[in-house]
Every structure is written in structure tokens, then in C-alpha cells.
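One file, work_3.pdb, is given below (PDB, C-alpha atoms and all ligand atoms).
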```
ATOM      1  CA  MET Q   1     -12.682  27.270   2.847
ATOM      2  CA  ALA Q   2      -9.545  26.750   0.778
ATOM      3  CA  GLU Q   3      -7.323  28.623   3.249
ATOM      4  CA  HIS Q   4      -7.672  25.630   5.589
ATOM      5  CA  PHE Q   5      -5.895  23.390   3.107
ATOM      6  CA  HIS Q   6      -2.200  23.281   2.451
ATOM      7  CA  GLU Q   7      -0.784  23.437  -1.058
ATOM      8  CA  ASP Q   8      -0.660  19.715  -1.849
ATOM      9  CA  SER Q   9      -4.199  19.276  -0.649
ATOM     10  CA  VAL Q  10      -5.437  22.136  -2.826
ATOM     11  CA  ALA Q  11      -3.769  20.419  -5.769
ATOM     12  CA  ALA Q  12      -5.838  17.266  -5.176
ATOM     13  CA  VAL Q  13      -8.214  15.882  -7.783
ATOM     14  CA  ALA Q  14     -11.107  13.674  -6.708
ATOM     15  CA  VAL Q  15     -13.364  11.439  -8.774
ATOM     16  CA  ARG Q  16     -16.351   9.592  -7.424
ATOM     17  CA  ILE Q  17     -17.990   6.518  -8.873
ATOM     18  CA  ASP Q  18     -21.697   5.812  -8.528
ATOM     19  CA  VAL Q  19     -24.362   3.980 -10.489
ATOM     20  CA  GLU Q  20     -25.125   7.108 -12.538
ATOM     21  CA  HIS Q  21     -21.448   7.793 -13.167
ATOM     22  CA  PRO Q  22     -19.865   4.359 -13.577
ATOM     23  CA  GLU Q  23     -16.950   5.995 -15.394
ATOM     24  CA  GLY Q  24     -16.459   8.595 -12.683
ATOM     25  CA  LEU Q  25     -17.395  12.193 -11.949
ATOM     26  CA  VAL Q  26     -14.856  14.823 -10.882
ATOM     27  CA  PHE Q  27     -15.775  16.522  -7.598
ATOM     28  CA  ASP Q  28     -14.250  19.150  -5.332
ATOM     29  CA  PRO Q  29     -12.470  17.308  -2.488
ATOM     30  CA  HIS Q  30     -12.554  20.486  -0.395
ATOM     31  CA  GLN Q  31     -16.328  20.433  -0.139
ATOM     32  CA  PRO Q  32     -18.199  18.004   2.138
ATOM     33  CA  GLN Q  33     -19.034  14.795   0.273
ATOM     34  CA  LEU Q  34     -19.462  11.932   2.695
ATOM     35  CA  ARG Q  35     -22.587  11.347   4.795
ATOM     36  CA  VAL Q  36     -21.731  11.300   8.491
ATOM     37  CA  THR Q  37     -23.391   7.888   8.738
ATOM     38  CA  ASP Q  38     -21.147   6.338   6.091
ATOM     39  CA  LEU Q  39     -19.799   3.125   7.594
ATOM     40  CA  GLY Q  40     -16.401   3.854   6.089
ATOM     41  CA  ALA Q  41     -16.193   6.926   8.340
ATOM     42  CA  VAL Q  42     -17.830   5.594  11.488
ATOM     43  CA  ARG Q  43     -16.451   2.042  11.527
ATOM     44  CA  GLY Q  44     -13.554   2.018   9.095
ATOM     45  CA  ASP Q  45     -15.716  -0.458   7.197
ATOM     46  CA  GLY Q  46     -14.244  -0.245   3.762
ATOM     47  CA  VAL Q  47     -11.196  -1.054   1.672
ATOM     48  CA  PHE Q  48      -8.580   0.989  -0.122
ATOM     49  CA  GLU Q  49      -5.523   0.983  -2.329
ATOM     50  CA  THR Q  50      -2.679   3.460  -2.624
ATOM     51  CA  MET Q  51      -1.006   3.622  -6.022
ATOM     52  CA  TYR Q  52       1.871   5.579  -7.503
ATOM     53  CA  ALA Q  53       1.929   7.344 -10.866
ATOM     54  CA  GLU Q  54       4.913   8.863 -12.584
ATOM     55  CA  ALA Q  55       4.462  11.161 -15.579
ATOM     56  CA  GLY Q  56       0.805  10.112 -15.720
ATOM     57  CA  ARG Q  57       1.608   6.387 -15.864
ATOM     58  CA  ILE Q  58       0.115   4.399 -13.010
ATOM     59  CA  ARG Q  59       2.405   1.684 -11.720
ATOM     60  CA  LYS Q  60       0.961  -1.818 -11.194
ATOM     61  CA  LEU Q  61      -2.611  -0.655 -11.838
ATOM     62  CA  GLU Q  62      -3.914  -4.166 -12.514
ATOM     63  CA  ALA Q  63      -2.302  -5.611  -9.367
ATOM     64  CA  HIS Q  64      -3.875  -2.848  -7.261
ATOM     65  CA  LEU Q  65      -7.302  -3.413  -8.831
ATOM     66  CA  GLU Q  66      -7.013  -7.147  -8.218
ATOM     67  CA  ARG Q  67      -6.095  -6.570  -4.588
ATOM     68  CA  LEU Q  68      -8.942  -4.058  -4.172
ATOM     69  CA  GLY Q  69     -11.279  -6.767  -5.486
ATOM     70  CA  ARG Q  70      -9.810  -9.349  -3.121
ATOM     71  CA  SER Q  71     -10.113  -6.999  -0.124
ATOM     72  CA  ALA Q  72     -13.731  -6.175  -1.037
ATOM     73  CA  ASP Q  73     -14.504  -9.910  -1.310
ATOM     74  CA  ILE Q  74     -13.003 -10.545   2.140
ATOM     75  CA  LEU Q  75     -15.126  -7.747   3.675
ATOM     76  CA  ASP Q  76     -18.124  -8.649   1.486
ATOM     77  CA  ILE Q  77     -18.422  -5.105   0.142
ATOM     78  CA  GLY Q  78     -19.928  -4.500  -3.306
ATOM     79  CA  LEU Q  79     -17.382  -3.022  -5.702
ATOM     80  CA  PRO Q  80     -17.757  -1.310  -9.087
ATOM     81  CA  PRO Q  81     -16.070  -3.242 -11.899
ATOM     82  CA  ALA Q  82     -12.373  -2.723 -12.601
ATOM     83  CA  ALA Q  83     -13.328  -0.806 -15.780
ATOM     84  CA  SER Q  84     -15.033   1.843 -13.609
ATOM     85  CA  TRP Q  85     -11.908   2.344 -11.492
ATOM     86  CA  ARG Q  86      -9.685   2.480 -14.566
ATOM     87  CA  ALA Q  87     -11.970   5.093 -16.144
ATOM     88  CA  ALA Q  88     -12.171   7.099 -12.902
ATOM     89  CA  VAL Q  89      -8.413   7.380 -12.448
ATOM     90  CA  GLU Q  90      -7.985   8.205 -16.122
ATOM     91  CA  LEU Q  91     -10.574  10.975 -15.667
ATOM     92  CA  GLY Q  92      -8.577  12.270 -12.703
ATOM     93  CA  LEU Q  93      -5.377  12.369 -14.755
ATOM     94  CA  GLU Q  94      -7.270  14.072 -17.572
ATOM     95  CA  GLU Q  95      -8.514  16.704 -15.126
ATOM     96  CA  TYR Q  96      -4.903  17.556 -14.239
ATOM     97  CA  ARG Q  97      -3.995  17.722 -17.949
ATOM     98  CA  THR Q  98      -6.946  20.034 -18.596
ATOM     99  CA  ARG Q  99      -5.638  22.274 -15.812
ATOM    100  CA  GLY Q 100      -2.254  22.155 -17.549
ATOM    101  CA  ALA Q 101      -0.668  20.907 -14.319
ATOM    102  CA  LEU Q 102      -0.135  17.142 -14.301
ATOM    103  CA  PRO Q 103       2.256  16.564 -11.362
ATOM    104  CA  GLU Q 104       5.338  14.487 -12.197
ATOM    105  CA  GLU Q 105       4.510  12.115  -9.335
ATOM    106  CA  LEU Q 106       1.104  11.315  -7.917
ATOM    107  CA  THR Q 107      -0.313   9.273  -5.073
ATOM    108  CA  ILE Q 108      -3.632   7.796  -6.160
ATOM    109  CA  LYS Q 109      -5.889   6.434  -3.486
ATOM    110  CA  LEU Q 110      -8.901   4.256  -4.316
ATOM    111  CA  VAL Q 111     -11.505   3.953  -1.567
ATOM    112  CA  ALA Q 112     -14.625   1.802  -1.325
ATOM    113  CA  THR Q 113     -16.838   1.852   1.771
ATOM    114  CA  ARG Q 114     -19.890  -0.164   2.719
ATOM    115  CA  GLY Q 115     -21.883   3.057   2.484
ATOM    116  CA  VAL Q 116     -24.750   3.984   4.786
ATOM    117  CA  GLU Q 117     -26.350   1.188   6.793
ATOM    118  CA  GLY Q 118     -29.775   0.207   5.445
ATOM    119  CA  GLU Q 119     -29.604   2.788   2.662
ATOM    120  CA  PRO Q 120     -27.642   1.299  -0.227
ATOM    121  CA  ALA Q 121     -26.636   3.914  -2.775
ATOM    122  CA  SER Q 122     -28.008   1.613  -5.480
ATOM    123  CA  ASP Q 123     -29.956  -1.634  -5.815
ATOM    124  CA  ASP Q 124     -27.044  -2.839  -7.900
ATOM    125  CA  PRO Q 125     -24.734  -4.393  -5.282
ATOM    126  CA  ALA Q 126     -21.707  -3.284  -7.312
ATOM    127  CA  PHE Q 127     -22.683   0.342  -6.632
ATOM    128  CA  ALA Q 128     -24.344   0.013  -3.204
ATOM    129  CA  GLY Q 129     -21.493   1.614  -1.246
ATOM    130  CA  THR Q 130     -19.430   4.811  -1.546
ATOM    131  CA  TYR Q 131     -16.519   4.915  -3.979
ATOM    132  CA  TRP Q 132     -13.915   7.466  -4.912
ATOM    133  CA  ALA Q 133     -10.413   7.997  -6.237
ATOM    134  CA  LEU Q 134      -8.228  10.768  -4.826
ATOM    135  CA  LEU Q 135      -5.169  11.954  -6.707
ATOM    136  CA  THR Q 136      -2.594  14.087  -4.858
ATOM    137  CA  PRO Q 137       0.935  15.160  -5.764
ATOM    138  CA  VAL Q 138       3.616  13.130  -3.973
ATOM    139  CA  THR Q 139       4.869  15.363  -1.184
ATOM    140  CA  ASP Q 140       8.402  16.751  -1.139
ATOM    141  CA  ALA Q 141       8.850  15.098   2.253
ATOM    142  CA  MET Q 142       8.123  11.681   0.760
ATOM    143  CA  ARG Q 143      10.428  12.300  -2.198
ATOM    144  CA  ALA Q 144      13.228  13.402   0.125
ATOM    145  CA  THR Q 145      13.085  10.249   2.258
ATOM    146  CA  ARG Q 146      12.734   7.799  -0.621
ATOM    147  CA  GLY Q 147      15.599   5.301  -0.707
ATOM    148  CA  GLN Q 148      16.981   6.740   2.547
ATOM    149  CA  PRO Q 149      18.006   4.406   5.399
ATOM    150  CA  VAL Q 150      15.482   3.909   8.194
ATOM    151  CA  ALA Q 151      15.571   2.750  11.806
ATOM    152  CA  VAL Q 152      12.963   0.098  12.509
ATOM    153  CA  THR Q 153      11.589  -1.506  15.652
ATOM    154  CA  LEU Q 154      10.027  -4.964  15.847
ATOM    155  CA  LEU Q 155       6.568  -4.822  17.429
ATOM    156  CA  ASP Q 156       4.305  -7.701  18.438
ATOM    157  CA  ARG Q 157       1.136  -7.735  16.306
ATOM    158  CA  GLY Q 158      -0.633  -9.620  19.072
ATOM    159  CA  TYR Q 159      -1.630 -12.790  17.234
ATOM    160  CA  ASP Q 160       0.148 -15.950  16.165
ATOM    161  CA  SER Q 161       1.086 -17.140  12.689
ATOM    162  CA  THR Q 162      -2.044 -19.308  12.362
ATOM    163  CA  ALA Q 163      -4.545 -16.518  13.137
ATOM    164  CA  ALA Q 164      -5.334 -15.762   9.481
ATOM    165  CA  GLU Q 165      -6.433 -19.331   8.927
ATOM    166  CA  ARG Q 166      -8.154 -19.807  12.276
ATOM    167  CA  ALA Q 167      -9.976 -16.494  12.456
ATOM    168  CA  PRO Q 168     -11.069 -15.214   9.019
ATOM    169  CA  TRP Q 169     -13.227 -12.537  10.702
ATOM    170  CA  LEU Q 170     -10.033 -10.693  11.595
ATOM    171  CA  LEU Q 171      -9.887  -9.817   7.882
ATOM    172  CA  LEU Q 172      -6.134 -10.400   7.789
ATOM    173  CA  GLY Q 173      -4.804 -10.011   4.281
ATOM    174  CA  ALA Q 174      -7.448  -7.421   3.351
ATOM    175  CA  LYS Q 175      -6.434  -3.795   2.918
ATOM    176  CA  SER Q 176      -9.278  -2.444   5.028
ATOM    177  CA  LEU Q 177      -9.766   1.181   6.035
ATOM    178  CA  SER Q 178      -9.213   0.201   9.684
ATOM    179  CA  TYR Q 179      -5.635   1.475   9.857
ATOM    180  CA  ALA Q 180      -5.820   3.110  13.298
ATOM    181  CA  VAL Q 181      -3.692   0.287  14.765
ATOM    182  CA  ASN Q 182      -1.136   0.643  11.972
ATOM    183  CA  MET Q 183      -0.884   4.389  12.542
ATOM    184  CA  ALA Q 184      -0.676   3.920  16.324
ATOM    185  CA  SER Q 185       2.256   1.535  15.794
ATOM    186  CA  LEU Q 186       4.059   4.167  13.742
ATOM    187  CA  ARG Q 187       3.463   6.798  16.423
ATOM    188  CA  TRP Q 188       4.794   4.360  19.031
ATOM    189  CA  ALA Q 189       7.893   3.806  16.899
ATOM    190  CA  LYS Q 190       8.478   7.541  16.434
ATOM    191  CA  ASP Q 191       8.021   8.194  20.150
ATOM    192  CA  HIS Q 192      10.749   5.610  20.785
ATOM    193  CA  GLY Q 193      13.270   6.951  18.274
ATOM    194  CA  PHE Q 194      12.445   4.821  15.223
ATOM    195  CA  ASP Q 195      11.181   5.661  11.754
ATOM    196  CA  ASP Q 196       9.136   2.559  11.116
ATOM    197  CA  VAL Q 197       7.918  -0.811  12.356
ATOM    198  CA  ILE Q 198       8.075  -4.486  11.444
ATOM    199  CA  TYR Q 199       5.351  -6.549  13.062
ATOM    200  CA  THR Q 200       6.045 -10.000  14.442
ATOM    201  CA  THR Q 201       3.593 -12.732  15.414
ATOM    202  CA  SER Q 202       3.339 -13.828  19.043
ATOM    203  CA  ASP Q 203       5.118 -17.041  17.972
ATOM    204  CA  GLY Q 204       8.057 -15.127  16.553
ATOM    205  CA  GLN Q 205       7.506 -14.832  12.805
ATOM    206  CA  VAL Q 206       8.169 -11.694  10.802
ATOM    207  CA  LEU Q 207       5.014 -10.214   9.268
ATOM    208  CA  GLU Q 208       5.157  -6.827   7.511
ATOM    209  CA  GLY Q 209       5.360  -3.126   8.226
ATOM    210  CA  PRO Q 210       2.222  -1.088   9.018
ATOM    211  CA  THR Q 211       2.343   0.209   5.427
ATOM    212  CA  SER Q 212       5.045  -1.895   3.789
ATOM    213  CA  THR Q 213       6.366  -5.347   2.902
ATOM    214  CA  VAL Q 214       9.645  -6.746   4.257
ATOM    215  CA  LEU Q 215      12.300  -7.889   1.784
ATOM    216  CA  ILE Q 216      15.653  -9.426   2.597
ATOM    217  CA  VAL Q 217      18.614  -9.825   0.278
ATOM    218  CA  THR Q 218      21.262 -12.469   0.790
ATOM    219  CA  ARG Q 219      24.286 -13.320  -1.336
ATOM    220  CA  GLY Q 220      25.272 -16.965  -1.734
ATOM    221  CA  ALA Q 221      28.887 -18.142  -1.674
ATOM    222  CA  ASP Q 222      28.779 -18.087  -5.491
ATOM    223  CA  GLY Q 223      27.722 -14.431  -5.390
ATOM    224  CA  ALA Q 224      24.163 -15.263  -6.525
ATOM    225  CA  ARG Q 225      21.685 -12.838  -5.049
ATOM    226  CA  ARG Q 226      18.524 -14.022  -3.386
ATOM    227  CA  LEU Q 227      15.453 -11.997  -2.486
ATOM    228  CA  ILE Q 228      13.199 -13.359   0.248
ATOM    229  CA  THR Q 229       9.900 -12.084   1.621
ATOM    230  CA  PRO Q 230       7.640 -13.512   4.358
ATOM    231  CA  VAL Q 231       5.007 -16.112   3.424
ATOM    232  CA  LEU Q 232       1.485 -14.822   2.843
ATOM    233  CA  GLU Q 233      -0.193 -17.541   4.931
ATOM    234  CA  THR Q 234       0.374 -15.455   8.064
ATOM    235  CA  GLY Q 235      -2.240 -13.010   6.735
ATOM    236  CA  ILE Q 236       0.039 -10.228   5.543
ATOM    237  CA  LEU Q 237      -0.946  -8.127   2.585
ATOM    238  CA  PRO Q 238       0.362  -9.394  -0.755
ATOM    239  CA  GLY Q 239       2.601  -6.431  -1.616
ATOM    240  CA  THR Q 240       2.391  -5.121  -5.155
ATOM    241  CA  THR Q 241       5.811  -3.459  -4.801
ATOM    242  CA  GLN Q 242       7.384  -6.687  -3.576
ATOM    243  CA  GLY Q 243       5.636  -8.547  -6.418
ATOM    244  CA  ALA Q 244       6.907  -6.125  -9.060
ATOM    245  CA  ILE Q 245      10.449  -6.264  -7.666
ATOM    246  CA  PHE Q 246      10.330 -10.064  -7.659
ATOM    247  CA  ALA Q 247       9.091 -10.178 -11.271
ATOM    248  CA  ALA Q 248      11.874  -7.898 -12.522
ATOM    249  CA  ALA Q 249      14.547  -9.500 -10.330
ATOM    250  CA  GLU Q 250      13.656 -12.968 -11.591
ATOM    251  CA  LYS Q 251      14.068 -11.725 -15.167
ATOM    252  CA  ALA Q 252      17.459 -10.333 -14.151
ATOM    253  CA  GLY Q 253      18.543 -13.745 -12.833
ATOM    254  CA  TRP Q 254      18.088 -13.353  -9.079
ATOM    255  CA  ASP Q 255      16.883 -16.247  -6.921
ATOM    256  CA  LEU Q 256      13.557 -15.674  -5.189
ATOM    257  CA  GLY Q 257      12.173 -17.160  -2.008
ATOM    258  CA  TYR Q 258       9.197 -16.994   0.348
ATOM    259  CA  GLY Q 259       9.866 -18.018   3.875
ATOM    260  CA  PRO Q 260       8.566 -18.087   7.312
ATOM    261  CA  LEU Q 261      11.130 -15.507   8.473
ATOM    262  CA  THR Q 262      12.217 -14.830  12.042
ATOM    263  CA  PRO Q 263      13.863 -11.698  13.451
ATOM    264  CA  GLN Q 264      17.133 -13.657  13.430
ATOM    265  CA  ASP Q 265      16.778 -14.114   9.644
ATOM    266  CA  LEU Q 266      16.608 -10.320   9.335
ATOM    267  CA  LEU Q 267      19.767  -9.942  11.424
ATOM    268  CA  ASP Q 268      21.530 -12.643   9.395
ATOM    269  CA  ALA Q 269      20.558 -11.183   5.999
ATOM    270  CA  ASP Q 270      23.002  -9.054   4.044
ATOM    271  CA  HIS Q 271      20.407  -6.321   3.639
ATOM    272  CA  VAL Q 272      16.814  -5.704   4.713
ATOM    273  CA  PHE Q 273      14.312  -3.366   3.057
ATOM    274  CA  LEU Q 274      10.794  -2.061   3.458
ATOM    275  CA  ALA Q 275       8.890  -1.737   0.179
ATOM    276  CA  SER Q 276       5.635  -0.002  -0.702
ATOM    277  CA  SER Q 277       4.040   1.721  -3.663
ATOM    278  CA  VAL Q 278       4.821   5.407  -3.095
ATOM    279  CA  ARG Q 279       7.893   5.176  -0.862
ATOM    280  CA  LEU Q 280       9.282   2.478  -3.218
ATOM    281  CA  VAL Q 281      12.173   1.013  -1.216
ATOM    282  CA  SER Q 282      13.816   1.955   2.094
ATOM    283  CA  PRO Q 283      16.929   0.138   3.336
ATOM    284  CA  ILE Q 284      16.907  -0.663   7.052
ATOM    285  CA  ALA Q 285      20.018   0.666   8.788
ATOM    286  CA  ARG Q 286      18.990  -0.206  12.339
ATOM    287  CA  LEU Q 287      16.716  -2.938  13.670
ATOM    288  CA  ASP Q 288      16.110  -2.200  17.341
ATOM    289  CA  ASP Q 289      19.675  -2.258  18.780
ATOM    290  CA  ALA Q 290      21.359  -3.884  15.784
ATOM    291  CA  GLU Q 291      23.074  -1.971  12.977
ATOM    292  CA  LEU Q 292      22.377  -3.401   9.505
ATOM    293  CA  ALA Q 293      24.473  -2.862   6.389
ATOM    294  CA  VAL Q 294      23.102  -0.451   3.790
ATOM    295  CA  ASP Q 295      24.155  -0.632   0.148
ATOM    296  CA  ASP Q 296      23.091   2.468  -1.808
ATOM    297  CA  GLU Q 297      23.756   0.795  -5.161
ATOM    298  CA  LEU Q 298      21.525  -2.128  -4.265
ATOM    299  CA  THR Q 299      18.784   0.262  -3.126
ATOM    300  CA  ALA Q 300      19.009   2.124  -6.442
ATOM    301  CA  GLU Q 301      18.944  -1.185  -8.297
ATOM    302  CA  LEU Q 302      15.727  -2.276  -6.558
ATOM    303  CA  ILE Q 303      14.143   1.104  -7.327
ATOM    304  CA  ASP Q 304      15.167   0.675 -10.983
ATOM    305  CA  LEU Q 305      13.663  -2.828 -11.090
ATOM    306  CA  LEU Q 306      10.354  -1.288 -10.053
ATOM    307  CA  ALA Q 307      10.422   1.083 -13.010
ATOM    308  CA  GLU Q 308      10.054  -1.953 -15.308
ATOM    309  CA  ASP Q 309       6.509  -2.221 -13.940
ATOM    310  CA  LEU Q 310       6.173  -5.934 -14.763
ATOM    311  CA  PRO Q 311       2.942  -7.841 -14.028
ATOM    312  CA  VAL Q 312       2.739  -9.018 -10.441
ATOM    313  CA  SER Q 313       1.868 -12.490  -9.207
ATOM    314  CA  HIS Q 314       1.920 -14.072  -5.769
ATOM    315  CA  PRO Q 315       2.257 -17.708  -4.691
ATOM    316  CA  LEU Q 316      -1.360 -17.760  -3.432
ATOM    317  CA  ASP Q 317      -2.802 -16.427  -6.754
TER
HETATM  318  N1  LIG L   1       1.540  -4.176   3.932
HETATM  319  C1  LIG L   1       0.669  -3.258   4.409
HETATM  320  C2  LIG L   1      -0.002  -3.514   5.713
HETATM  321  C3  LIG L   1       0.410  -2.090   3.677
HETATM  322  O1  LIG L   1      -0.468  -1.184   4.143
HETATM  323  C4  LIG L   1       1.079  -1.872   2.457
HETATM  324  C5  LIG L   1       0.845  -0.651   1.675
HETATM  325  O2  LIG L   1       0.353   0.319   2.159
HETATM  326  C6  LIG L   1       1.980  -2.827   2.011
HETATM  327  C7  LIG L   1       2.178  -3.982   2.766
HETATM  328  C8  LIG L   1       2.744  -2.637   0.731
HETATM  329  O3  LIG L   1       1.855  -2.786  -0.351
HETATM  330  P1  LIG L   1       2.181  -2.182  -1.770
HETATM  331  O4  LIG L   1       3.556  -2.591  -2.124
HETATM  332  O5  LIG L   1       1.169  -2.828  -2.650
HETATM  333  O6  LIG L   1       2.032  -0.705  -1.673
END
```
Show me, as C-alpha cells, the structure contained in the file I just sent.
Amino acid sequence: MAEHFHEDSVAAVAVRIDVEHPEGLVFDPHQPQLRVTDLGAVRGDGVFETMYAEAGRIRKLEAHLERLGRSADILDIGLPPAASWRAAVELGLEEYRTRGALPEELTIKLVATRGVEGEPASDDPAFAGTYWALLTPVTDAMRATRGQPVAVTLLDRGYDSTAAERAPWLLLGAKSLSYAVNMASLRWAKDHGFDDVIYTTSDGQVLEGPTSTVLIVTRGADGARRLITPVLETGILPGTTQGAIFAAAEKAGWDLGYGPLTPQDLLDADHVFLASSVRLVSPIARLDDAELAVDDELTAELIDLLAEDLPVSHPLD
């Protein structure tokens, strides 16, 4: 079977969590594991996190676990305790060490699904669904594009800035497995000559990227630097990368701000970035027809701030 998998996939390590293995059990990700009736597979009814590890150290682990818990609460999916997830990813790292091949950089995905309808995996609601961690080496393609300028198109997300409050069943703000729309947006962007997307609300506010948070940098007349990101009330995902950059930037004396941002604010900013856990930071060089200024030193500085791996907090916490 292995010949169907490319090299990075073969180098994957998978750990599942269930009531009998609350600290995780290593399994072969190249063998079938999921029941075809699992609601995660048939309805995208589940939640996930994507984390980044360098030299075996997982960045922002606690912030990711908190957000996984928040997403599971929003979807009302039972979730093993944080200690189980910590133990499972540690087991995955240990598996690589045992193989003598811990990759320098890893993407670590945590997935929790509602499981199979009517057949909970356990009577304990915390273990009723399907849970696993998947560790894969960061691809060369991802490493090559990290920090590189991107061309971005603004796309309408199809709802207004009050939808999150008005319509909680839309699950806005949860990192659910239902990412088909996000991936379709990226395909649309690529088909139209762009690398990535920033969503806007129908009433003209800036939201986020399909897999990233928007950051803008402005310099005041006194030279003071200010980092601004869109408000969370619109139902965007609280970004752990944005949070970690803010924490380190604040320590370094930057001003921070959360705003309802409009596309014009992006055009008026000195620099605009997309931020997410594995890509880290990408400066935006083109926003639809407009050229934006890119500052390589500033990009490197933001990437360095992330390496401090400070605890993350958000204004809604
Ligand atoms: N917004 C969305 C919709 C995302 O999917 C992601 C990450 O994939 C982010 C923002 C950035 O989150 P983080 O910085 O925690 O990776």
C-alpha cells in the first residue's frame, strides 16, 4: 500500500486517543482507521487544530488546546481532557525519536469528530467521538514560501458583521472540519492569479484568510509601530499566531490594536500580513489591483517574535 503515499506522508506518525488509551496509542496512518459512517468524514462534523513544532518543541500548545476546547464546546462535541492531547502528541514525538528521525519541523494536526451517529465510542462523553493526532514533516514547499510575499484577493464571505451574534448555529469562530468553503476560496483565488484570500463581510469589514489571520502594521508620526488585527466579534477565529506575535510585540514596546477594519484600512496601512501556525507570516505584496509595500526586515522581525512562544490571550478571553 505504501507505494501510494509520497515521502512526507510515509514519514507521518499518528496517535489515536480513546477511552482505553487516554494517553494515546500509535497507529499506522497508512492503514484504514475511520469508520465510513464517522460524522467527521460524512458531514465534516468535528473540530481540529494545526500546530507547528520545531526541534520537537510545540509552539503555543496551550493556546491550541484551549481553542480546540472552545471549538468542541461550540459544536457540542465531547473532547478528551487536555492532558490526553498533551500525552498523545508527546507519544508521537517519542515515536519519531525512537525511529531516530525526529524532523526539524513538524505540522501536528489534532482532530476530534462526533464519531458514529447513535454508536458513541464510549459512555464517557469525553471519549464518545473519534480523536487523533497526526504528525507530519513540514513540506519543503511550505518552507520555501514562508515569509515570501503573496498576492491576495478580497472575497465576500456572504454574511454581515453581526452574523456571529445573530446566528450561533453557523458555528462562526469554531475551527470545524467543514473547510470545503475555505479550500474552494483558495482554488478560486489561484484560478484568478492570486496566492491567497482575505474574506470580507457583506457590510464591508475585513474578516480573515481561509487559513490565516490578517495583521496590519502602521507607523505613527513618532515612529512608534502599531499592530492591528480585526475584532473577534465578527466570528473570525482567534489566531494563535496573531496572539503570540501580539504578546511578544507588546513586550518589545509596540502598540497593539483591535479594530473593525475595512479594505481601505488595509490599503492605508504601511504593511499587511497573513499569519498562521505553520506558514508563520506572509507579507502581502498585492491586494487585488493595489501594490502594497513589503519590508523583509519587518517580516523577519515578526517571525522572530513568534520564536519567543509567549502565552497567548485574546480580548474575548
Ligand atoms: N483563521 C482561520 C480560518 C484559520 O483556519 C487559521 C488557521 O488555520 C487561522 C485563522 C490562523 O490560526 P493560527 O494562527 O492559530 O494557526
Practice task
Go ahead and find all residues with at least one atom no further than 9 Å from (10.6, -0.4, -7.6) in the file's coordinates, using all atoms listed in the file; report them as a ChimeraX atom specification.
Solution key: /Q:241-242,244-245,275-277,280-281,300-309
Handout entry: Counting all atoms listed in the file, the residue of Q:Asn182, Q:Thr234, Q:Thr145, Q:Thr213 that sits nearest ligand LIG 1 (chain L)
Key = Q:Thr213
Exercise for the section: Would you mind reading off the distance between CA of Leu287 (chain Q) and CA of Thr240 (chain Q), one decimal, in Å? Expected result: 23.8 Å
Problem - Top pick for closest residue to ligand LIG 1 (chain L), considering Q:Glu66, Q:Asp195, Q:Asp45, Q:Glu54 and counting all atoms listed in the file - result: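 Ranking Q:Glu66, Q:Asp195, Q:Asp45, Q:Glu54 by distance to ligand LIG 1 (chain L), first place goes to Q:Glu66.
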Handout entry: Residues within 9 Å of (-2.0, -8.2, -6.1), file coords, all atoms listed in the file, listed as JSON, numbers by chain
Key = {"Q": [60, 62, 63, 64, 65, 66, 67, 68, 70, 237, 238, 239, 240, 243, 312, 313, 314, 317]}
Fill in the blank from the handout: Computed gap from CA of Asp295 (chain Q) to CA of Ser185 (chain Q) is 27.0 Å
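Atom pair CA of Val294 (chain Q) / CA of Val272 (chain Q): separated by 8.2 Å.
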Handout entry: Nearest residue to Ser282 (chain Q) from the set Q:Leu215, Q:Ala72, Q:Ala249, Q:Ala184 (distances using all atoms listed in the file)
Key =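 Looking only at the distances to Ser282 (chain Q), the closest residue turns out to be Q:Leu215.
Nearest-residue note for ligand LIG 1 (chain L): choosing from Q:Thr107, Q:Gln264, Q:Thr136, Q:Thr218, the minimum distance belongs to Q:Thr107, counting only C-alpha atoms and all ligand atoms.
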Exercise for the section: Extract, using all atoms listed in the file, all DNA, RNA and protein residues at most 7 Å from Gly40 (chain Q), discarding same-chain residues fewer than 2 positions from it, and format them as a ChimeraX atom specification. Expected result: /Q:38,42-46,113-115
For the selection you just gave me, I'd like the residues written to a file as a PDB file, in the coordinates of the input, keeping C-alpha atoms.
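Output file part20.pdb is given in full below:
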```
ATOM      1  CA  ASP Q  38     -21.147   6.338   6.091  1.00  0.00           C
ATOM      2  CA  VAL Q  42     -17.830   5.594  11.488  1.00  0.00           C
ATOM      3  CA  ARG Q  43     -16.451   2.042  11.527  1.00  0.00           C
ATOM      4  CA  GLY Q  44     -13.554   2.018   9.095  1.00  0.00           C
ATOM      5  CA  ASP Q  45     -15.716  -0.458   7.197  1.00  0.00           C
ATOM      6  CA  GLY Q  46     -14.244  -0.245   3.762  1.00  0.00           C
ATOM      7  CA  THR Q 113     -16.838   1.852   1.771  1.00  0.00           C
ATOM      8  CA  ARG Q 114     -19.890  -0.164   2.719  1.00  0.00           C
ATOM      9  CA  GLY Q 115     -21.883   3.057   2.484  1.00  0.00           C
TER      10      GLY Q 115
END
```
Exercise for the section: May I ask which of the residues Q:Leu207, Q:Ala101, Q:Leu274, Q:Met142 is the closest one to Ala11 (chain Q), counting all atoms listed in the file? Expected result: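 Closest to Ala11 (chain Q) of all the choices is Q:Ala101.
The nearest approach to ligand LIG 1 (chain L) among the residues Q:Tyr52, Q:Trp254, Q:Trp188, Q:Phe27, with all atoms listed in the file taken into account, belongs to Q:Tyr52.
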As AutoDock Vina command-line options, what would the box around ligand LIG 1 (chain L) look like: edges along x, y and z, 6 Å added on every side, centre and edge lengths in Å to one decimal?
```
--center_x 1.5 --center_y -1.9 --center_z 1.5 --size_x 16.0 --size_y 16.5 --size_z 20.4
```
Exercise for the section: I would like the residues chosen by the PyMOL selection byres (((chain Q and resi 55) around 10) and not hetatm) on the shown file; could you give them as number ranges by chain? Expected result: Q: 53-54, 56-58, 93, 102-106
Create the file for the chosen residues now, containing C-alpha atoms and written as a JSON list (two decimals), keeping the file's coordinate frame.
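Final output, out_39.json:
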```json
[["chain", "number", "residue", "atom", "x", "y", "z"],
["Q", 53, "ALA", "CA", 1.93, 7.34, -10.87],
["Q", 54, "GLU", "CA", 4.91, 8.86, -12.58],
["Q", 56, "GLY", "CA", 0.80, 10.11, -15.72],
["Q", 57, "ARG", "CA", 1.61, 6.39, -15.86],
["Q", 58, "ILE", "CA", 0.12, 4.40, -13.01],
["Q", 93, "LEU", "CA", -5.38, 12.37, -14.76],
["Q", 102, "LEU", "CA", -0.14, 17.14, -14.30],
["Q", 103, "PRO", "CA", 2.26, 16.56, -11.36],
["Q", 104, "GLU", "CA", 5.34, 14.49, -12.20],
["Q", 105, "GLU", "CA", 4.51, 12.12, -9.34],
["Q", 106, "LEU", "CA", 1.10, 11.32, -7.92]]
```
Problem - Residues matched by the PyMOL selection byres (((chain Q and resi 25) around 10) and not hetatm), written as JSON, numbers by chain - result: {"Q": [14, 15, 16, 17, 18, 20, 21, 22, 23, 24, 26, 27, 87, 88, 91, 92, 132, 133]}
Exercise for the section: Go through the shown structure with the PyMOL selection byres (((chain Q and resi 148-157) around 8) and not hetatm) and write out the matching residues as a PyMOL selection string. Expected result: chain Q and resi 145-147+158-159+185+189+194-202+282-288+294
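The protein and nucleic acid residues lying at most 8 Å from Ile216 (chain Q) are Leu227, Ile228, Thr229, Leu266, Ala269, Asp270, His271, Val272 and Phe273 of chain Q, with only C-alpha atoms considered and sequence neighbours fewer than 4 positions away removed.
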